[in-house]
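Engineer: Contents are TSV, C-alpha atoms; file name coords_22.tsv:
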chain	number	residue	atom	x	y	z
A	160	MET	CA	97.49	72.69	145.31
A	161	LYS	CA	100.75	73.29	147.19
A	162	LYS	CA	102.18	70.13	145.62
A	163	ALA	CA	101.22	71.37	142.15
A	164	ILE	CA	102.84	74.73	142.81
A	165	SER	CA	105.94	72.97	144.11
A	166	ILE	CA	106.17	70.85	140.97
A	167	LEU	CA	105.69	73.93	138.77
A	168	LEU	CA	108.44	75.82	140.61
A	169	THR	CA	110.77	72.85	140.26
A	170	ILE	CA	110.17	72.73	136.51
A	171	VAL	CA	110.80	76.48	136.18
A	172	MET	CA	114.00	76.24	138.19
A	173	CYS	CA	115.24	73.33	136.08
A	174	LEU	CA	114.50	75.21	132.87
A	175	SER	CA	116.36	78.23	134.24
A	176	VAL	CA	119.39	76.13	135.07
A	177	VAL	CA	119.35	74.57	131.60
A	178	ALA	CA	119.03	78.00	129.99
A	179	PHE	CA	121.94	79.31	132.05
A	180	ALA	CA	124.07	76.27	131.19
A	181	ASN	CA	123.27	76.69	127.50
A	182	ALA	CA	124.30	80.34	127.66
A	183	GLN	CA	127.60	79.36	129.23
A	184	THR	CA	128.33	76.58	126.74
A	185	THR	CA	127.29	78.34	123.53
A	186	ASP	CA	129.96	78.06	120.82
A	187	LEU	CA	130.97	81.70	120.80
A	188	ASN	CA	132.97	81.22	117.60
A	189	SER	CA	129.79	80.26	115.74
A	190	LEU	CA	128.26	83.70	116.28
A	191	THR	CA	128.39	86.52	113.77
A	192	ILE	CA	129.75	89.83	115.00
A	193	GLU	CA	126.21	91.23	114.92
A	194	GLN	CA	124.88	88.37	117.06
A	195	LEU	CA	127.80	88.71	119.48
A	196	VAL	CA	127.21	92.44	119.88
A	197	GLU	CA	123.50	91.91	120.59
A	198	LEU	CA	124.20	89.27	123.25
A	199	ALA	CA	127.09	91.26	124.73
A	200	LYS	CA	124.83	94.25	125.24
A	201	LYS	CA	122.46	92.02	127.18
A	202	ASP	CA	125.37	90.89	129.39
A	203	GLY	CA	125.99	94.59	129.95
A	204	HIS	CA	129.19	94.30	132.01
A	205	VAL	CA	132.77	92.99	131.99
A	206	GLU	CA	134.70	92.21	135.16
A	207	SER	CA	138.45	92.15	134.59
A	208	VAL	CA	141.50	91.41	136.70
A	209	GLY	CA	144.98	92.82	136.14
A	210	MET	CA	143.83	95.24	133.42
A	211	PRO	CA	143.89	98.72	135.05
A	212	GLY	CA	143.51	101.80	132.90
A	213	ASP	CA	147.10	103.01	133.29
A	214	TRP	CA	148.65	99.73	132.09
A	215	ALA	CA	149.26	99.62	128.31
A	216	ASN	CA	146.43	102.14	127.87
A	217	TRP	CA	143.62	99.75	128.74
A	218	GLU	CA	141.68	102.87	129.70
A	219	ASP	CA	141.00	103.91	126.10
A	220	SER	CA	139.79	100.42	125.23
A	221	TRP	CA	137.44	100.18	128.21
A	222	ASN	CA	136.08	103.65	127.46
A	223	TYR	CA	135.44	102.68	123.83
A	224	ILE	CA	133.61	99.49	124.82
A	225	THR	CA	131.43	101.37	127.30
A	226	LYS	CA	130.69	104.25	124.93
A	227	THR	CA	130.02	102.07	121.88
A	228	TYR	CA	128.13	99.14	123.39
A	229	GLY	CA	126.94	100.42	126.76
A	230	ILE	CA	128.93	97.69	128.52
A	231	THR	CA	130.17	98.79	131.92
A	232	HIS	CA	133.51	97.64	133.31
A	233	TYR	CA	135.32	97.18	136.59
A	234	ASP	CA	138.91	96.03	137.16
A	235	THR	CA	140.68	94.61	140.19
A	236	ASP	CA	144.42	95.00	139.75
A	237	MET	CA	146.54	92.00	140.73
A	238	THR	CA	149.54	89.94	139.62
A	239	SER	CA	149.33	87.24	136.96
A	240	ALA	CA	149.51	84.50	139.59
A	241	GLU	CA	146.74	86.12	141.61
A	242	GLU	CA	144.52	86.45	138.54
A	243	LEU	CA	144.68	82.75	137.80
A	244	ALA	CA	144.38	81.82	141.47
A	245	ILE	CA	141.09	83.66	141.89
A	246	MET	CA	139.62	82.19	138.69
A	247	LYS	CA	140.58	78.71	139.84
A	248	ALA	CA	139.38	79.22	143.43
A	249	GLU	CA	135.96	80.56	142.41
A	250	GLY	CA	135.38	77.71	139.96
A	251	ALA	CA	131.79	77.46	138.76
A	252	ASN	CA	130.89	80.51	140.86
A	253	GLY	CA	133.20	82.76	138.89
A	254	THR	CA	132.93	86.51	139.36
A	255	LYS	CA	135.74	87.48	136.94
A	256	ASP	CA	135.47	87.48	133.17
A	257	ILE	CA	138.87	88.27	131.73
A	258	GLY	CA	142.48	88.74	132.76
A	259	ASP	CA	145.84	89.71	131.28
A	260	VAL	CA	148.73	87.45	132.31
A	261	GLY	CA	152.40	87.17	131.47
A	262	HIS	CA	153.39	84.75	128.71
A	263	ALA	CA	155.03	82.41	131.25
A	264	PHE	CA	151.69	81.86	132.97
A	265	THR	CA	149.89	80.61	129.86
A	266	ALA	CA	151.01	77.01	130.41
A	267	THR	CA	149.18	77.07	133.75
A	268	VAL	CA	146.05	78.30	131.99
A	269	VAL	CA	146.05	75.27	129.71
A	270	ASP	CA	147.21	72.67	132.25
A	271	GLU	CA	144.58	73.61	134.82
A	272	GLY	CA	141.70	74.28	132.43
A	273	ILE	CA	141.12	77.76	133.83
A	274	THR	CA	140.03	79.39	130.58
A	275	GLN	CA	137.79	78.80	127.59
A	276	GLY	CA	138.74	79.14	123.95
A	277	PHE	CA	137.69	82.03	121.73
A	278	LYS	CA	139.10	83.08	118.37
A	279	PRO	CA	138.47	86.69	117.28
A	280	SER	CA	137.89	87.51	113.63
A	281	THR	CA	141.55	88.64	113.33
A	282	TRP	CA	142.79	85.19	114.41
A	283	ASP	CA	144.75	84.41	111.25
A	284	SER	CA	146.83	87.60	111.55
A	285	ILE	CA	148.00	86.77	115.10
A	286	PRO	CA	151.44	85.05	115.06
A	287	ASP	CA	151.31	81.36	115.94
A	288	TRP	CA	153.73	81.77	118.85
A	289	ALA	CA	151.38	84.35	120.39
A	290	LYS	CA	148.26	82.19	120.70
A	291	ASP	CA	147.03	78.86	121.96
A	292	PRO	CA	145.75	76.76	119.02
A	293	GLU	CA	142.33	76.61	120.69
A	294	GLY	CA	142.25	80.27	121.70
A	295	ARG	CA	142.57	79.63	125.43
A	296	TRP	CA	145.07	82.49	125.63
A	297	ILE	CA	146.08	85.17	123.13
A	298	ILE	CA	148.94	87.62	123.46
A	299	SER	CA	147.77	91.08	122.43
A	300	TYR	CA	150.95	93.14	122.93
A	301	THR	CA	154.61	92.88	123.86
A	302	GLY	CA	157.08	94.88	125.90
A	303	THR	CA	160.77	94.89	126.79
A	304	ILE	CA	162.29	95.01	130.28
A	305	SER	CA	163.49	98.52	131.09
A	306	PHE	CA	165.11	100.73	133.70
A	307	ALA	CA	163.13	103.72	134.99
A	308	THR	CA	165.63	105.93	136.79
A	309	ASN	CA	164.65	108.80	139.06
A	310	THR	CA	167.37	111.25	138.02
A	311	THR	CA	166.34	113.65	140.79
A	312	LEU	CA	167.63	111.07	143.27
A	313	THR	CA	170.67	109.96	141.24
A	314	ASN	CA	172.01	113.46	140.44
A	315	GLY	CA	171.59	112.72	136.76
A	316	VAL	CA	173.23	109.27	136.76
A	317	VAL	CA	171.37	106.93	134.38
A	318	PRO	CA	172.45	103.26	134.26
A	319	THR	CA	172.12	101.72	130.80
A	320	SER	CA	173.11	98.14	131.62
A	321	TRP	CA	172.91	95.66	134.49
A	322	ALA	CA	176.65	96.07	134.93
A	323	ASP	CA	176.21	99.85	135.23
A	324	LEU	CA	173.43	99.34	137.73
A	325	MET	CA	175.56	97.14	139.98
A	326	ASP	CA	178.51	99.54	139.82
A	327	SER	CA	176.32	102.60	140.46
A	328	LYS	CA	175.65	101.67	144.10
A	329	LEU	CA	172.08	102.87	143.56
A	330	ASN	CA	169.06	101.23	145.21
A	331	VAL	CA	167.04	98.95	142.94
A	332	SER	CA	163.33	97.98	142.85
A	333	VAL	CA	162.26	94.87	140.95
A	334	GLY	CA	158.80	94.18	142.41
A	335	ASN	CA	157.06	90.92	143.29
A	336	VAL	CA	159.32	88.25	141.77
A	337	VAL	CA	157.42	85.35	143.32
A	338	ALA	CA	154.13	86.18	141.58
A	339	GLY	CA	154.75	89.02	139.10
A	340	ALA	CA	155.39	88.26	135.42
A	341	SER	CA	157.35	91.42	134.63
A	342	SER	CA	159.50	91.02	137.75
A	343	GLN	CA	160.39	87.46	136.78
A	344	ALA	CA	161.23	88.63	133.25
A	345	ALA	CA	163.52	91.27	134.78
A	346	VAL	CA	165.48	88.65	136.72
A	347	LEU	CA	165.74	86.54	133.55
A	348	SER	CA	167.00	89.61	131.67
A	349	CYS	CA	169.64	90.08	134.34
A	350	ALA	CA	170.60	86.40	134.15
A	351	ILE	CA	171.16	86.75	130.39
A	352	ALA	CA	173.32	89.83	130.96
A	353	MET	CA	175.39	87.93	133.52
A	354	GLY	CA	176.06	85.02	131.16
A	355	GLY	CA	173.04	82.83	131.91
A	356	GLY	CA	169.85	82.25	129.99
A	357	LEU	CA	166.53	80.45	129.88
A	358	ASP	CA	168.25	77.25	130.98
A	359	ASN	CA	170.42	78.94	133.63
A	360	VAL	CA	168.82	81.68	135.73
A	361	GLN	CA	171.26	81.39	138.65
A	362	PRO	CA	173.46	84.33	137.54
A	363	GLY	CA	170.43	86.60	137.82
A	364	ILE	CA	169.59	85.29	141.27
A	365	ASP	CA	173.21	85.77	142.38
A	366	TYR	CA	173.07	89.37	141.17
A	367	PHE	CA	170.05	90.17	143.31
A	368	VAL	CA	171.45	88.30	146.31
A	369	LYS	CA	174.42	90.65	146.14
A	370	LEU	CA	172.14	93.70	145.94
A	371	ALA	CA	170.14	92.40	148.90
A	372	LYS	CA	173.25	91.83	151.02
A	373	GLU	CA	174.41	95.36	150.22
A	374	GLY	CA	171.05	96.72	151.39
A	375	ARG	CA	170.26	98.03	147.91
A	376	LEU	CA	167.24	95.87	147.04
A	377	ASP	CA	163.88	97.52	147.69
A	378	PRO	CA	161.15	94.93	148.46
A	379	GLY	CA	158.21	97.23	147.68
A	380	ASP	CA	155.85	97.50	144.71
A	381	THR	CA	157.00	99.08	141.46
A	382	ASN	CA	154.04	101.44	141.01
A	383	ARG	CA	153.73	105.02	139.80
A	384	GLU	CA	152.84	106.42	143.19
A	385	ARG	CA	156.08	105.19	144.75
A	386	LEU	CA	158.09	106.54	141.82
A	387	ALA	CA	156.39	109.93	142.09
A	388	ASN	CA	156.97	110.03	145.85
A	389	GLY	CA	160.68	109.41	145.43
A	390	GLU	CA	160.53	105.99	147.10
A	391	ILE	CA	162.16	104.26	144.11
A	392	THR	CA	165.59	105.17	142.77
A	393	VAL	CA	165.90	102.72	139.86
A	394	CYS	CA	162.95	100.54	138.88
A	395	ALA	CA	164.19	97.47	137.01
A	396	GLY	CA	161.05	95.35	137.20
A	397	LEU	CA	158.77	96.87	134.56
A	398	TYR	CA	158.29	96.50	130.84
A	399	ASP	CA	159.02	99.60	128.75
A	400	TYR	CA	155.36	100.50	128.22
A	401	SER	CA	154.78	100.84	131.97
A	402	SER	CA	158.03	102.73	132.57
A	403	LEU	CA	157.29	105.16	129.72
A	404	ALA	CA	153.73	105.80	130.92
A	405	HIS	CA	155.03	106.47	134.44
A	406	ARG	CA	157.77	108.71	133.05
A	407	ASP	CA	155.45	110.96	131.10
A	408	ALA	CA	152.89	111.22	133.91
A	409	ILE	CA	155.49	111.98	136.59
A	410	ASN	CA	157.58	114.35	134.48
A	411	ALA	CA	154.44	116.34	133.67
A	412	SER	CA	153.38	116.51	137.31
A	413	ASP	CA	154.51	118.80	140.11
A	414	SER	CA	156.07	115.96	142.13
A	415	GLY	CA	159.56	117.36	141.62
A	416	MET	CA	160.76	113.98	140.37
A	417	LYS	CA	162.15	113.34	136.89
A	418	ILE	CA	162.23	109.90	135.31
A	419	GLU	CA	164.40	108.67	132.44
A	420	VAL	CA	163.81	105.32	130.73
A	421	THR	CA	166.47	103.10	129.18
A	422	ILE	CA	166.65	99.52	127.91
A	423	PRO	CA	169.53	97.59	129.55
A	424	LYS	CA	171.90	97.00	126.67
A	425	ASP	CA	173.48	93.84	128.09
A	426	GLY	CA	170.25	91.92	128.61
A	427	ALA	CA	166.54	92.66	128.16
A	428	VAL	CA	163.75	90.17	127.57
A	429	THR	CA	160.95	91.04	125.16
A	430	SER	CA	157.75	89.20	126.01
A	431	GLY	CA	154.01	89.51	125.81
A	432	TYR	CA	150.90	89.51	127.96
A	433	ALA	CA	148.00	87.23	127.13
A	434	LEU	CA	144.27	87.79	127.36
A	435	VAL	CA	142.63	84.92	129.24
A	436	PHE	CA	138.89	84.24	129.13
A	437	ASN	CA	137.65	82.70	132.39
A	438	ALA	CA	136.05	79.30	131.78
A	439	ASN	CA	133.32	80.36	134.24
A	440	ALA	CA	132.93	83.96	133.11
A	441	PRO	CA	129.61	85.42	134.31
A	442	HIS	CA	129.42	87.65	131.21
A	443	PRO	CA	130.68	85.39	128.38
A	444	TYR	CA	129.33	87.37	125.44
A	445	ALA	CA	130.60	90.73	126.67
A	446	THR	CA	133.96	89.08	127.32
A	447	ALA	CA	134.14	87.62	123.82
A	448	LEU	CA	133.28	91.03	122.35
A	449	THR	CA	136.01	92.58	124.51
A	450	ILE	CA	138.59	90.17	123.09
A	451	GLU	CA	137.26	90.84	119.58
A	452	TYR	CA	137.89	94.56	120.10
A	453	MET	CA	141.27	94.19	121.81
A	454	LEU	CA	142.61	92.24	118.80
A	455	SER	CA	141.03	94.56	116.21
A	456	ASP	CA	143.15	97.21	114.44
A	457	GLN	CA	141.86	99.96	116.73
A	458	GLY	CA	142.30	97.85	119.85
A	459	GLN	CA	145.89	97.21	118.84
A	460	ILE	CA	146.43	100.92	118.22
A	461	ASP	CA	145.12	101.57	121.74
A	462	ARG	CA	148.03	99.46	123.06
A	463	ALA	CA	150.51	101.54	121.05
A	464	TYR	CA	149.17	104.71	122.65
A	465	GLY	CA	150.06	103.00	125.91
A	466	TYR	CA	153.67	102.52	124.66
A	467	ALA	CA	153.15	98.77	124.14
A	468	ARG	CA	153.90	97.07	120.83
A	469	PRO	CA	150.86	95.45	119.17
A	470	VAL	CA	151.20	91.74	118.46
A	471	ARG	CA	149.46	92.12	115.10
A	472	ASP	CA	151.08	93.94	112.19
A	473	VAL	CA	148.88	97.04	112.12
A	474	LYS	CA	149.68	100.46	110.71
A	475	LEU	CA	150.23	102.87	113.60
A	476	PRO	CA	149.46	106.59	113.50
A	477	GLU	CA	152.59	108.76	113.35
A	478	ASP	CA	152.04	110.19	116.83
A	479	ALA	CA	151.84	106.67	118.27
A	480	GLN	CA	155.08	105.69	116.54
A	481	ALA	CA	156.75	108.81	117.92
A	482	MET	CA	155.97	107.73	121.49
A	483	MET	CA	158.28	104.73	121.27
A	484	LEU	CA	161.93	104.70	122.37
A	485	ASP	CA	164.58	104.82	119.65
A	486	SER	CA	164.90	101.42	117.99
A	487	SER	CA	168.66	101.39	118.62
A	488	MET	CA	167.96	100.75	122.30
A	489	TYR	CA	166.50	97.35	121.39
A	490	ALA	CA	169.53	96.05	119.49
A	491	ASN	CA	170.46	93.42	122.08
A	492	THR	CA	167.08	92.25	123.35
A	493	THR	CA	165.95	88.63	123.65
A	494	PRO	CA	162.48	87.88	122.21
A	495	ILE	CA	160.59	85.08	123.96
A	496	THR	CA	158.83	82.68	121.62
A	497	ASP	CA	159.37	79.36	123.46
A	498	VAL	CA	156.67	79.51	126.15
A	499	THR	CA	157.66	76.16	127.67
A	500	ALA	CA	161.26	77.24	128.28
A	501	PHE	CA	160.10	80.64	129.50
A	502	THR	CA	157.61	79.12	131.92
A	503	THR	CA	160.21	76.74	133.31
A	504	ALA	CA	162.70	79.60	133.76
A	505	CYS	CA	160.18	81.81	135.55
A	506	LYS	CA	159.11	79.03	137.91
A	507	GLU	CA	162.76	78.45	138.78
A	508	ILE	CA	163.26	82.18	139.33
A	509	ALA	CA	160.30	82.32	141.73
A	510	ARG	CA	161.59	79.30	143.67
A	511	LEU	CA	165.17	80.54	143.93
A	512	TRP	CA	164.02	84.03	144.84
A	513	GLU	CA	162.21	82.71	147.91
A	514	GLU	CA	165.07	80.41	148.84
A	515	GLU	CA	168.05	82.70	148.24
A	516	VAL	CA	167.14	86.34	147.71
A	517	VAL	CA	164.43	86.88	150.33
A	518	PRO	CA	166.59	85.55	153.22
A	519	SER	CA	169.42	87.86	152.11
A	520	MET	CA	167.20	90.92	152.50
A	521	TYR	CA	166.79	90.62	156.26
Have the structure of the file written as structure tokens, please.
Structural biologist:
Amino acid sequence: MKKAISILLTIVMCLSVVAFANAQTTDLNSLTIEQLVELAKKDGHVESVGMPGDWANWEDSWNYITKTYGITHYDTDMTSAEELAIMKAEGANGTKDIGDVGHAFTATVVDEGITQGFKPSTWDSIPDWAKDPEGRWIISYTGTISFATNTTLTNGVVPTSWADLMDSKLNVSVGNVVAGASSQAAVLSCAIAMGGGLDNVQPGIDYFVKLAKEGRLDPGDTNRERLANGEITVCAGLYDYSSLAHRDAINASDSGMKIEVTIPKDGAVTSGYALVFNANAPHPYATALTIEYMLSDQGQIDRAYGYARPVRDVKLPEDAQAMMLDSSMYANTTPITDVTAFTTACKEIARLWEEEVVPSMY
């Protein structure tokens, strides 16, 4: 009798494993939207990394998904490198479903097989440069490197170029250059301003070595709390959508700090962030539905209300358009469309930062 029960349990367990494997390997692109919604509701949850509510207005999108489909959500904020590291480390026992990583990190996604492919129904309207041909990563919005200056601390001085910033003698925060996508893009922007480029990032490194030796380079995070507390004088390590969101929140608060945002006119990279679908996502259907929404017209409009520029050509409401900085500020920006060159440049920036800038700070 015990042997019979044991055999029965073994069969049940095997069937369960097969069912689970089938769920994980279902061709998500073969599902209709109606089928995807039904299965996503059964998943009931999405676990994200690097997609907090105050970044590019993810909050409105998560709220919509929860309200419309009953899918709950939780995010753990981390850098692009950390997002991919945890997906890779967890492997088949993945606990994370989706992440949002800088464009330069998308080559790692493909090379290491960290993600699975999914193409939303709006696939054809996404520019070719902004997506992997198999859907293993998809850029959903872009931003441009900016300066967020705390004018309360600078007595009204607002640098508008990297040259201005150096001459100002003000302290500068650029964030985690070793692992942070926006911080690496900031150093590349500086390199371009100093005569370098994607194939020569050394001028940007030299710039920050000089700041470090002068005691003007802040090693801390570039978050809203530090800006509001007056711990950051000039933040040069954020894309415009983050700087603008911080500006409006801080200026409307009673912190006593006032923030002004500018685009450095001598060098500013414009790049995107890509949605990445964990190859071992525990909630694959809810994740696919999330990507479907994020690349829909309304999902793209959500990004605009977070000051980010949608990757798809969608018509924005007038109040969303009014939130953007004047277009004249973007006259001398450098759009990134060559992901291979960008990835190579960012890897070099991270290496040189550890070798040359970090030692100069201490």
Engineer: Could you tell me which of A:Val317, A:Ala350, A:Leu434, A:Ala387 comes closest to Ala411 (chain A) if we count all atoms listed in the file?
Structural biologist: A:Ala387
Engineer: Please indicate the distance in Å from CA of Ile192 (chain A) to CA of Arg468 (chain A), rounded to one decimal place.
Structural biologist: 25.9 Å
Engineer: Please report the interatomic distance between CA of Glu514 (chain A) and CA of Lys328 (chain A) in Å with one decimal.
Structural biologist: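 Interatomic distance, CA of Glu514 (chain A) to CA of Lys328 (chain A): 24.2 Å.
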Engineer: How would you write as an mmCIF file with C-alpha atoms, keeping the file's coordinate frame the residues that get within 12 Å of (167.2, 86.9, 136.6) in the file's frame, counting all atoms listed in the file?
Structural biologist:
data_model
loop_
_atom_site.group_PDB
_atom_site.id
_atom_site.type_symbol
_atom_site.label_atom_id
_atom_site.label_comp_id
_atom_site.auth_asym_id
_atom_site.auth_seq_id
_atom_site.Cartn_x
_atom_site.Cartn_y
_atom_site.Cartn_z
ATOM 1 C CA ILE A 304 162.290 95.010 130.280
ATOM 2 C CA TRP A 321 172.910 95.660 134.490
ATOM 3 C CA VAL A 333 162.260 94.870 140.950
ATOM 4 C CA VAL A 336 159.320 88.250 141.770
ATOM 5 C CA VAL A 337 157.420 85.350 143.320
ATOM 6 C CA ALA A 340 155.390 88.260 135.420
ATOM 7 C CA SER A 341 157.350 91.420 134.630
ATOM 8 C CA SER A 342 159.500 91.020 137.750
ATOM 9 C CA GLN A 343 160.390 87.460 136.780
ATOM 10 C CA ALA A 344 161.230 88.630 133.250
ATOM 11 C CA ALA A 345 163.520 91.270 134.780
ATOM 12 C CA VAL A 346 165.480 88.650 136.720
ATOM 13 C CA LEU A 347 165.740 86.540 133.550
ATOM 14 C CA SER A 348 167.000 89.610 131.670
ATOM 15 C CA CYS A 349 169.640 90.080 134.340
ATOM 16 C CA ALA A 350 170.600 86.400 134.150
ATOM 17 C CA ILE A 351 171.160 86.750 130.390
ATOM 18 C CA ALA A 352 173.320 89.830 130.960
ATOM 19 C CA MET A 353 175.390 87.930 133.520
ATOM 20 C CA GLY A 354 176.060 85.020 131.160
ATOM 21 C CA GLY A 355 173.040 82.830 131.910
ATOM 22 C CA GLY A 356 169.850 82.250 129.990
ATOM 23 C CA LEU A 357 166.530 80.450 129.880
ATOM 24 C CA ASP A 358 168.250 77.250 130.980
ATOM 25 C CA ASN A 359 170.420 78.940 133.630
ATOM 26 C CA VAL A 360 168.820 81.680 135.730
ATOM 27 C CA GLN A 361 171.260 81.390 138.650
ATOM 28 C CA PRO A 362 173.460 84.330 137.540
ATOM 29 C CA GLY A 363 170.430 86.600 137.820
ATOM 30 C CA ILE A 364 169.590 85.290 141.270
ATOM 31 C CA ASP A 365 173.210 85.770 142.380
ATOM 32 C CA TYR A 366 173.070 89.370 141.170
ATOM 33 C CA PHE A 367 170.050 90.170 143.310
ATOM 34 C CA VAL A 368 171.450 88.300 146.310
ATOM 35 C CA ALA A 395 164.190 97.470 137.010
ATOM 36 C CA GLY A 396 161.050 95.350 137.200
ATOM 37 C CA GLY A 426 170.250 91.920 128.610
ATOM 38 C CA ALA A 427 166.540 92.660 128.160
ATOM 39 C CA VAL A 428 163.750 90.170 127.570
ATOM 40 C CA PHE A 501 160.100 80.640 129.500
ATOM 41 C CA ALA A 504 162.700 79.600 133.760
ATOM 42 C CA CYS A 505 160.180 81.810 135.550
ATOM 43 C CA LYS A 506 159.110 79.030 137.910
ATOM 44 C CA GLU A 507 162.760 78.450 138.780
ATOM 45 C CA ILE A 508 163.260 82.180 139.330
ATOM 46 C CA ALA A 509 160.300 82.320 141.730
ATOM 47 C CA ARG A 510 161.590 79.300 143.670
ATOM 48 C CA LEU A 511 165.170 80.540 143.930
ATOM 49 C CA TRP A 512 164.020 84.030 144.840
ATOM 50 C CA VAL A 516 167.140 86.340 147.710
#
Engineer: With region 211-219 of chain A as the partner and 10 Å as the cut-off, tabulate the residues of region 271-374 of chain A that qualify, each row holding the nearest pair of atoms and their distance in Å to one decimal, using all atoms listed in the file, sorted by chain and rising number, as a tab-separated table.
Structural biologist:
residue	atom	partner	partner_atom	distance
A:Tyr300	CA	A:Ala215	CA	8.6
A:Thr301	CA	A:Ala215	CA	9.7
A:Gly302	CA	A:Ala215	CA	9.5
Engineer: Quick one: everything within 7 Å of region 438-449 of chain A, counting only C-alpha atoms, minus sequence neighbours fewer than 2 positions away in the same chain. Send it as a list of chain:residue names.
Structural biologist: A:Gln183, A:Leu195, A:Val196, A:Leu198, A:Ala199, A:Lys200, A:Asp202, A:Gly203, A:His204, A:Val205, A:Gly250, A:Ala251, A:Gly253, A:Thr254, A:Lys255, A:Asp256, A:Ile257, A:Ile273, A:Thr274, A:Gln275, A:Phe277, A:Phe436, A:Glu451, A:Tyr452, A:Met453
